[in-house]
>>> print(open('protein22.cif').read())   # mmCIF, C-alpha atoms
data_input
loop_
_atom_site.label_atom_id
_atom_site.label_comp_id
_atom_site.auth_asym_id
_atom_site.auth_seq_id
_atom_site.Cartn_x
_atom_site.Cartn_y
_atom_site.Cartn_z
CA MET A 1 -48.15 -18.49 -66.89
CA PHE A 2 -46.36 -20.33 -64.08
CA PHE A 3 -49.24 -20.80 -61.61
CA PRO A 4 -49.34 -24.02 -59.58
CA THR A 5 -51.30 -26.77 -61.33
CA TRP A 6 -53.95 -28.99 -59.78
CA THR A 7 -57.08 -30.96 -60.60
CA PRO A 8 -60.45 -30.11 -59.04
CA HIS A 9 -61.63 -31.97 -55.96
CA ILE A 10 -64.20 -34.76 -56.16
CA LYS A 11 -66.66 -34.88 -53.27
CA GLY A 12 -66.69 -38.01 -51.15
CA GLU A 13 -64.81 -39.44 -48.18
CA GLN A 14 -63.07 -42.08 -50.32
CA SER A 15 -62.54 -39.89 -53.37
CA ILE A 16 -59.20 -39.14 -54.98
CA SER A 17 -58.26 -36.24 -57.24
CA THR A 18 -54.53 -35.64 -57.56
CA LEU A 19 -52.10 -34.28 -60.12
CA GLU A 20 -48.62 -35.44 -59.22
CA GLN A 21 -45.16 -36.22 -60.54
CA VAL A 22 -43.84 -39.71 -59.78
CA VAL A 23 -40.42 -41.09 -60.67
CA ILE A 24 -40.88 -44.15 -62.91
CA ASN A 25 -37.87 -45.89 -64.47
CA GLY A 26 -35.60 -43.02 -63.48
CA THR A 27 -37.61 -40.07 -64.81
CA GLY A 28 -40.54 -37.98 -63.61
CA HIS A 29 -43.93 -38.98 -64.98
CA GLU A 30 -46.96 -36.73 -64.46
CA MET A 31 -50.14 -38.54 -63.44
CA MET A 32 -53.70 -37.33 -63.00
CA ILE A 33 -55.67 -39.69 -60.76
CA ARG A 34 -59.40 -39.14 -60.33
CA GLY A 35 -62.26 -41.20 -58.91
CA LYS A 36 -65.22 -41.08 -56.55
CA ASP A 37 -63.93 -44.03 -54.53
CA SER A 38 -60.25 -44.92 -54.57
CA SER A 39 -61.09 -48.57 -53.95
CA ASN A 40 -62.90 -48.78 -57.30
CA PRO A 41 -61.31 -50.72 -60.20
CA ILE A 42 -58.48 -48.93 -61.97
CA LEU A 43 -58.39 -47.75 -65.58
CA ILE A 44 -55.04 -46.70 -67.00
CA PHE A 45 -55.30 -44.62 -70.18
CA VAL A 46 -52.38 -44.51 -72.62
CA HIS A 47 -52.51 -41.35 -74.72
CA GLY A 48 -51.73 -41.14 -78.40
CA GLY A 49 -49.99 -38.67 -80.64
CA PRO A 50 -47.24 -39.68 -80.21
CA ALA A 51 -46.61 -37.17 -77.41
CA CYS A 52 -50.17 -35.80 -77.23
CA SER A 53 -51.26 -35.82 -73.59
CA GLU A 54 -54.99 -35.68 -72.95
CA ILE A 55 -54.65 -34.40 -69.38
CA PRO A 56 -55.30 -30.77 -70.47
CA TYR A 57 -58.93 -31.49 -71.36
CA VAL A 58 -59.98 -35.11 -70.70
CA ARG A 59 -61.68 -34.36 -67.37
CA LYS A 60 -64.49 -32.82 -69.44
CA TYR A 61 -65.45 -36.27 -70.73
CA GLN A 62 -64.98 -38.64 -67.80
CA LYS A 63 -67.17 -37.41 -64.94
CA GLU A 64 -69.55 -40.39 -65.19
CA LEU A 65 -66.70 -42.89 -65.39
CA GLU A 66 -65.19 -41.43 -62.23
CA GLU A 67 -68.21 -42.77 -60.36
CA GLN A 68 -67.28 -46.37 -61.20
CA PHE A 69 -63.50 -46.34 -61.70
CA THR A 70 -60.30 -44.81 -60.43
CA ILE A 71 -58.91 -43.30 -63.63
CA ILE A 72 -55.22 -42.78 -64.32
CA HIS A 73 -53.99 -40.55 -67.11
CA TYR A 74 -50.24 -40.09 -67.39
CA ASP A 75 -48.01 -38.06 -69.68
CA GLN A 76 -45.55 -40.44 -71.32
CA ARG A 77 -41.80 -39.94 -71.09
CA GLY A 78 -40.86 -36.80 -72.99
CA SER A 79 -44.49 -35.71 -73.41
CA GLY A 80 -46.42 -32.84 -71.83
CA LYS A 81 -45.74 -32.39 -68.13
CA SER A 82 -43.38 -35.39 -68.27
CA HIS A 83 -41.08 -33.49 -70.63
CA HIS A 84 -37.95 -32.28 -68.85
CA PHE A 85 -35.98 -29.58 -70.65
CA PHE A 86 -32.51 -30.94 -69.95
CA GLU A 87 -33.28 -34.62 -70.44
CA ASP A 88 -31.95 -36.46 -73.50
CA TYR A 89 -34.71 -38.05 -75.58
CA SER A 90 -32.59 -38.94 -78.60
CA ASN A 91 -32.81 -42.67 -77.84
CA LEU A 92 -36.52 -42.73 -76.95
CA THR A 93 -38.28 -45.83 -78.31
CA THR A 94 -41.66 -47.44 -77.92
CA ASP A 95 -39.98 -50.30 -76.03
CA LEU A 96 -38.88 -47.81 -73.39
CA LEU A 97 -42.41 -46.38 -73.24
CA VAL A 98 -43.71 -49.93 -72.74
CA GLU A 99 -41.25 -50.47 -69.88
CA ASP A 100 -42.45 -47.20 -68.35
CA LEU A 101 -46.09 -48.26 -68.67
CA LEU A 102 -45.49 -51.63 -67.03
CA ALA A 103 -43.51 -50.03 -64.20
CA LEU A 104 -46.23 -47.43 -63.71
CA THR A 105 -48.85 -50.21 -63.67
CA ASN A 106 -46.88 -52.00 -60.95
CA TYR A 107 -46.67 -48.78 -58.95
CA ILE A 108 -50.41 -48.12 -59.26
CA SER A 109 -51.37 -51.72 -58.44
CA GLU A 110 -49.26 -51.68 -55.28
CA ARG A 111 -50.40 -48.21 -54.26
CA PHE A 112 -54.09 -49.05 -54.56
CA LYS A 113 -53.70 -52.69 -53.50
CA GLN A 114 -55.24 -54.08 -56.66
CA GLU A 115 -53.90 -57.13 -58.43
CA LYS A 116 -54.84 -56.02 -61.95
CA VAL A 117 -55.93 -52.96 -63.92
CA LEU A 118 -57.88 -52.40 -67.13
CA LEU A 119 -55.68 -50.91 -69.85
CA VAL A 120 -57.10 -48.46 -72.39
CA GLY A 121 -55.01 -47.18 -75.29
CA HIS A 122 -56.01 -44.44 -77.72
CA SER A 123 -54.55 -43.95 -81.20
CA PHE A 124 -50.74 -44.32 -81.03
CA GLY A 125 -51.21 -45.32 -77.40
CA THR A 126 -52.66 -48.58 -78.74
CA TYR A 127 -49.25 -49.44 -80.22
CA ILE A 128 -47.74 -49.16 -76.75
CA GLY A 129 -50.73 -50.86 -75.14
CA MET A 130 -50.59 -53.92 -77.40
CA LYS A 131 -46.88 -54.37 -76.74
CA ALA A 132 -47.52 -54.02 -72.99
CA ILE A 133 -50.18 -56.74 -72.80
CA ASP A 134 -47.99 -58.97 -74.95
CA LYS A 135 -45.05 -58.54 -72.58
CA SER A 136 -46.86 -58.69 -69.25
CA PRO A 137 -50.45 -59.99 -69.59
CA GLU A 138 -50.74 -60.93 -65.91
CA GLN A 139 -50.99 -57.25 -64.95
CA PHE A 140 -54.24 -56.63 -66.82
CA TYR A 141 -57.91 -57.64 -66.71
CA GLY A 142 -58.06 -56.83 -70.39
CA TYR A 143 -57.19 -54.29 -73.05
CA ILE A 144 -59.30 -51.74 -74.93
CA GLY A 145 -57.84 -50.21 -78.09
CA ILE A 146 -59.68 -47.06 -79.14
CA GLY A 147 -58.71 -45.94 -82.64
CA GLN A 148 -56.51 -49.01 -82.84
CA VAL A 149 -53.24 -48.73 -84.76
CA ALA A 150 -52.70 -51.55 -87.25
CA ASP A 151 -50.82 -51.69 -90.56
CA VAL A 152 -49.87 -48.01 -90.74
CA VAL A 153 -49.36 -47.78 -94.50
CA GLN A 154 -52.67 -49.51 -95.17
CA SER A 155 -54.41 -47.13 -92.78
CA GLU A 156 -52.80 -44.12 -94.45
CA MET A 157 -53.85 -45.36 -97.89
CA ASP A 158 -57.41 -45.77 -96.60
CA SER A 159 -57.24 -42.18 -95.35
CA LEU A 160 -55.90 -40.98 -98.67
CA GLU A 161 -58.71 -42.69 -100.57
CA PHE A 162 -61.27 -41.09 -98.23
CA ILE A 163 -59.99 -37.53 -98.48
CA LEU A 164 -59.44 -37.82 -102.24
CA GLU A 165 -63.07 -38.84 -102.62
CA GLN A 166 -64.20 -35.96 -100.44
CA ALA A 167 -61.96 -33.46 -102.26
CA LYS A 168 -63.43 -34.60 -105.59
CA LEU A 169 -66.95 -34.11 -104.27
CA ASP A 170 -65.80 -30.67 -103.12
CA ARG A 171 -64.24 -29.98 -106.53
CA ASP A 172 -61.08 -29.01 -104.67
CA SER A 173 -58.64 -29.25 -107.57
CA ASP A 174 -55.67 -27.85 -105.65
CA ASN A 175 -55.85 -30.49 -102.93
CA ILE A 176 -56.63 -33.27 -105.41
CA GLU A 177 -53.40 -32.44 -107.25
CA LYS A 178 -51.46 -32.25 -103.98
CA LEU A 179 -52.79 -35.61 -102.81
CA MET A 180 -52.04 -37.34 -106.11
CA LEU A 181 -48.44 -36.12 -105.90
CA MET A 182 -48.19 -37.43 -102.33
CA GLN A 183 -49.66 -40.85 -103.12
CA PRO A 184 -46.37 -42.62 -104.01
CA LEU A 185 -44.75 -41.39 -100.78
CA ILE A 186 -47.73 -42.43 -98.66
CA LYS A 187 -47.66 -45.85 -100.30
CA ILE A 188 -44.10 -46.49 -99.10
CA GLY A 189 -44.63 -44.99 -95.65
CA GLU A 190 -42.52 -41.87 -96.19
CA VAL A 191 -45.31 -39.45 -95.30
CA SER A 192 -48.78 -39.62 -93.79
CA THR A 193 -52.00 -38.27 -95.24
CA PRO A 194 -52.42 -34.56 -94.44
CA ARG A 195 -54.13 -34.45 -91.07
CA ASN A 196 -55.64 -31.03 -91.77
CA LEU A 197 -57.62 -32.59 -94.63
CA VAL A 198 -58.59 -35.65 -92.60
CA ARG A 199 -59.98 -33.21 -90.03
CA LYS A 200 -61.64 -31.01 -92.66
CA TYR A 201 -63.66 -33.93 -94.00
CA GLY A 202 -64.69 -35.41 -90.64
CA GLY A 203 -62.21 -38.27 -90.43
CA ALA A 204 -60.87 -37.12 -87.04
CA SER A 205 -63.98 -36.03 -85.15
CA ARG A 206 -67.62 -35.37 -85.90
CA LEU A 207 -69.38 -34.56 -82.64
CA ILE A 208 -66.57 -32.74 -80.84
CA ASN A 209 -63.74 -30.41 -81.80
CA ASP A 210 -60.58 -31.85 -80.28
CA ASN A 211 -58.45 -28.87 -81.29
CA THR A 212 -60.84 -26.56 -79.46
CA ASP A 213 -60.75 -28.90 -76.46
CA TYR A 214 -56.96 -28.58 -76.33
CA LEU A 215 -57.05 -24.80 -76.69
CA THR A 216 -59.69 -24.44 -73.97
CA GLY A 217 -57.78 -26.82 -71.73
CA PHE A 218 -54.51 -24.97 -72.20
CA LEU A 219 -56.11 -21.59 -71.51
CA PHE A 220 -58.61 -22.30 -68.76
CA ASN A 221 -58.10 -25.68 -67.07
CA PRO A 222 -55.91 -25.86 -63.95
CA GLU A 223 -54.03 -29.02 -64.94
CA TYR A 224 -51.68 -27.20 -67.35
CA ASN A 225 -49.99 -23.82 -67.08
CA GLY A 226 -48.05 -21.84 -69.68
CA LEU A 227 -44.79 -23.64 -69.01
CA ASP A 228 -46.56 -26.98 -69.43
CA VAL A 229 -47.89 -25.87 -72.82
CA ILE A 230 -44.31 -25.15 -73.87
CA ARG A 231 -43.34 -28.61 -72.63
CA TYR A 232 -46.23 -30.12 -74.58
CA PHE A 233 -45.22 -28.64 -77.94
CA ARG A 234 -41.52 -29.18 -77.32
CA GLY A 235 -42.23 -32.85 -76.57
CA ILE A 236 -44.09 -33.23 -79.87
CA HIS A 237 -41.27 -31.52 -81.76
CA ILE A 238 -38.52 -33.65 -80.24
CA THR A 239 -40.12 -37.10 -79.99
CA GLN A 240 -43.07 -37.45 -82.35
CA GLU A 241 -41.33 -38.02 -85.67
CA ALA A 242 -39.03 -40.75 -84.36
CA LEU A 243 -41.79 -42.62 -82.54
CA TRP A 244 -44.19 -42.43 -85.46
CA GLY A 245 -41.42 -43.59 -87.78
CA GLU A 246 -40.85 -46.60 -85.56
CA GLY A 247 -44.52 -47.48 -85.82
CA VAL A 248 -44.33 -47.31 -89.62
CA LYS A 249 -41.17 -49.42 -89.91
CA HIS A 250 -42.22 -51.98 -87.31
CA ASN A 251 -45.91 -52.68 -87.77
CA ILE A 252 -47.73 -53.79 -84.64
CA THR A 253 -49.41 -56.42 -86.82
CA ASP A 254 -46.02 -58.14 -87.19
CA ILE A 255 -45.05 -57.75 -83.55
CA VAL A 256 -48.17 -58.85 -81.66
CA ASN A 257 -50.54 -61.40 -83.18
CA ARG A 258 -51.39 -63.51 -80.14
CA VAL A 259 -52.29 -62.25 -76.65
CA ASP A 260 -53.31 -63.86 -73.38
CA VAL A 261 -55.83 -61.27 -72.20
CA PRO A 262 -59.28 -60.26 -73.49
CA ILE A 263 -59.04 -57.53 -76.10
CA PHE A 264 -61.60 -55.06 -77.42
CA PHE A 265 -61.07 -52.82 -80.44
CA VAL A 266 -63.35 -49.76 -80.28
CA MET A 267 -63.59 -47.81 -83.52
CA GLY A 268 -65.59 -44.85 -84.74
CA GLU A 269 -67.30 -45.60 -88.06
CA PHE A 270 -65.75 -42.51 -89.67
CA ASP A 271 -62.22 -42.84 -88.26
CA TYR A 272 -59.61 -42.07 -90.90
CA MET A 273 -56.82 -41.18 -88.50
CA THR A 274 -56.51 -44.93 -87.84
CA SER A 275 -58.78 -46.61 -90.32
CA VAL A 276 -61.52 -49.07 -89.38
CA ASN A 277 -60.57 -51.26 -92.34
CA ALA A 278 -56.95 -51.69 -91.20
CA ALA A 279 -57.99 -52.24 -87.58
CA LYS A 280 -60.52 -54.92 -88.56
CA LYS A 281 -57.94 -56.82 -90.62
CA TYR A 282 -55.58 -56.76 -87.64
CA TYR A 283 -58.37 -57.86 -85.29
CA ASP A 284 -59.22 -60.80 -87.53
CA SER A 285 -55.60 -61.99 -87.42
CA ILE A 286 -55.16 -61.90 -83.63
CA GLU A 287 -55.56 -64.87 -81.33
CA ALA A 288 -57.00 -63.96 -77.91
CA PRO A 289 -59.03 -65.74 -75.20
CA VAL A 290 -61.81 -63.20 -75.74
CA LYS A 291 -62.00 -60.55 -78.42
CA GLU A 292 -64.60 -58.12 -79.69
CA PHE A 293 -64.68 -55.49 -82.44
CA ILE A 294 -67.02 -52.61 -81.63
CA ILE A 295 -68.15 -49.88 -84.04
CA PHE A 296 -69.56 -46.58 -82.79
CA GLU A 297 -71.67 -45.42 -85.69
CA GLU A 298 -71.72 -41.64 -85.19
CA SER A 299 -68.11 -40.91 -84.36
CA ALA A 300 -64.63 -40.87 -85.88
CA HIS A 301 -61.32 -41.08 -83.96
CA TYR A 302 -62.74 -40.22 -80.51
CA PRO A 303 -65.76 -42.50 -79.85
CA GLN A 304 -65.06 -42.38 -76.11
CA PHE A 305 -65.72 -38.62 -76.22
CA GLU A 306 -68.01 -38.22 -79.23
CA GLU A 307 -70.45 -40.88 -77.99
CA ARG A 308 -69.55 -40.62 -74.34
CA GLU A 309 -72.76 -41.96 -72.82
CA LYS A 310 -72.86 -44.98 -75.12
CA PHE A 311 -69.18 -45.68 -74.50
CA ASN A 312 -69.55 -45.45 -70.72
CA ILE A 313 -72.45 -47.92 -70.73
CA TRP A 314 -70.48 -50.31 -72.92
CA LEU A 315 -67.36 -50.01 -70.77
CA ASN A 316 -69.21 -50.73 -67.52
CA LYS A 317 -70.95 -53.78 -68.99
CA THR A 318 -67.72 -55.07 -70.46
CA PHE A 319 -65.74 -54.69 -67.27
CA ASN A 320 -68.45 -56.38 -65.20
CA LYS A 321 -68.02 -59.43 -67.43
CA LEU A 322 -64.23 -59.34 -67.18
CA LYS A 323 -64.03 -59.27 -63.41
CA LYS A 324 -66.33 -62.29 -62.89
#
>>> encode(input="protein22.cif", output="structure tokens")
Amino acid sequence: MFFPTWTPHIKGEQSISTLEQVVINGTGHEMMIRGKDSSNPILIFVHGGPACSEIPYVRKYQKELEEQFTIIHYDQRGSGKSHHFFEDYSNLTTDLLVEDLLALTNYISERFKQEKVLLVGHSFGTYIGMKAIDKSPEQFYGYIGIGQVADVVQSEMDSLEFILEQAKLDRDSDNIEKLMLMQPLIKIGEVSTPRNLVRKYGGASRLINDNTDYLTGFLFNPEYNGLDVIRYFRGIHITQEALWGEGVKHNITDIVNRVDVPIFFVMGEFDYMTSVNAAKKYYDSIEAPVKEFIIFEESAHYPQFEEREKFNIWLNKTFNKLKK
């Protein structure tokens, strides 16, 4: 349960494969850094949730990307291996998480002697990512929002409409009644659509099973041990509700509507965790020097994993244009 944690070695004289705790803004942040050549361009991934680290399993999906990039995954303050049992998280806000991200980006840029990095947010990580590029655009080549958060209530209503339709096709009278009772609360942002039903009907993932990925990662991968799993779930319990509530009350669509870096919204066609409809409306409203809205037609909330090969090709082509 308490074995030392590590990440497997990557062959190559210039390779890097480390799992380490670094003090950022006064608290320990866990980082997994992997790449075939440490001089390659840097990708920083901002996980979603809130508080749902992807370090336990993400290595499964990024082997090809490690050939071209040095990839940084970090557990956000209070999340996963960055959760410290005796630390006070009662005043945790997304603004603080943005400050952490920008400080971490500075640290990484100086450590690897690179002027800029490419920022990739996933799900709730896109809320933090958008605020980061708004506050400090000079640190980034560009921004990729996968499963982009937009108007949260609109997205939840889109999800509700989807699962209601599916439940009717399924003749699932119990859940239809439950969803109809929830509708007024969803409409005012008091509750979200039941994620178990979004998952049941393919609005979370279609070509992978992310819950199984987590379970397998927790049980068999060396990056997390038993104590880290406790940290992971404790972090969700303590921080998730407040951070999600902040996202509902303060829509990113009202906070960031003009940016000074290229932006790319990458959505799975069947994503009803963060709906394509809401993301597209947000995209249409944003001013940016370059922007692109990309649909992956076979996936839901995890196009970077569900259509990994297609995503990797797209990412390499996109970055090659950015760095010119």
>>> residues_near_point(input="protein22.cif", point="(-46.9, -58.5, -69.8)", cutoff="10 Å", atoms="only C-alpha atoms", output="JSON, numbers by chain")
{"A": [98, 99, 102, 130, 131, 132, 133, 134, 135, 136, 137, 138, 139, 140, 259, 260, 261]}
>>> residues_around(input="protein22.cif", residues="Phe264 (chain A)", least_positions_apart="6", cutoff="10 Å", atoms="all atoms listed in the file", output="ChimeraX atom specification")
/A:120,142-146,148,283,290-294,318
>>> atom_distance(input="protein22.cif", atom1="CA of His73 (chain A)", atom2="CA of Ile55 (chain A)")
6.6 Å
>>> resolve_selection(input="protein22.cif", expression="the PyMOL selection byres ((chain A and resi 6) around 10)", output="PyMOL selection string")
chain A and resi 3-5+7-9+17-20+32+221-225
>>> atom_distance(input="protein22.cif", atom1="CA of Glu269 (chain A)", atom2="CA of Glu307 (chain A)")
11.6 Å
>>> atom_distance(input="protein22.cif", atom1="CA of Gly80 (chain A)", atom2="CA of Ile44 (chain A)")
17.0 Å
>>> residues_around(input="protein22.cif", residues="region 241-258 of chain A", least_positions_apart="6", cutoff="10 Å", atoms="only C-alpha atoms", output="PyMOL selection string")
chain A and resi 49-51+90-94+124+126-128+130-135+149-153+188-192+278-279+281-289
>>> resolve_selection(input="protein22.cif", expression="the PyMOL selection byres ((chain A and resi 230-234) around 6)", output="list in words")
Ser79, Gly80, His83, Leu227, Asp228, Val229, Gly235, Ile236 and His237 of chain A
>>> resolve_selection(input="protein22.cif", expression="the PyMOL selection byres ((chain A and resi 208-212) around 12)", output="ChimeraX atom specification")
/A:52,54,56-58,60-61,196,199-200,202-207,213-220,298-308
>>> closest_residue(input="protein22.cif", among="A:Gln14, A:Ser39, A:Thr105, A:Ser275", to="Leu118 (chain A)", atoms="all atoms listed in the file")
A:Thr105
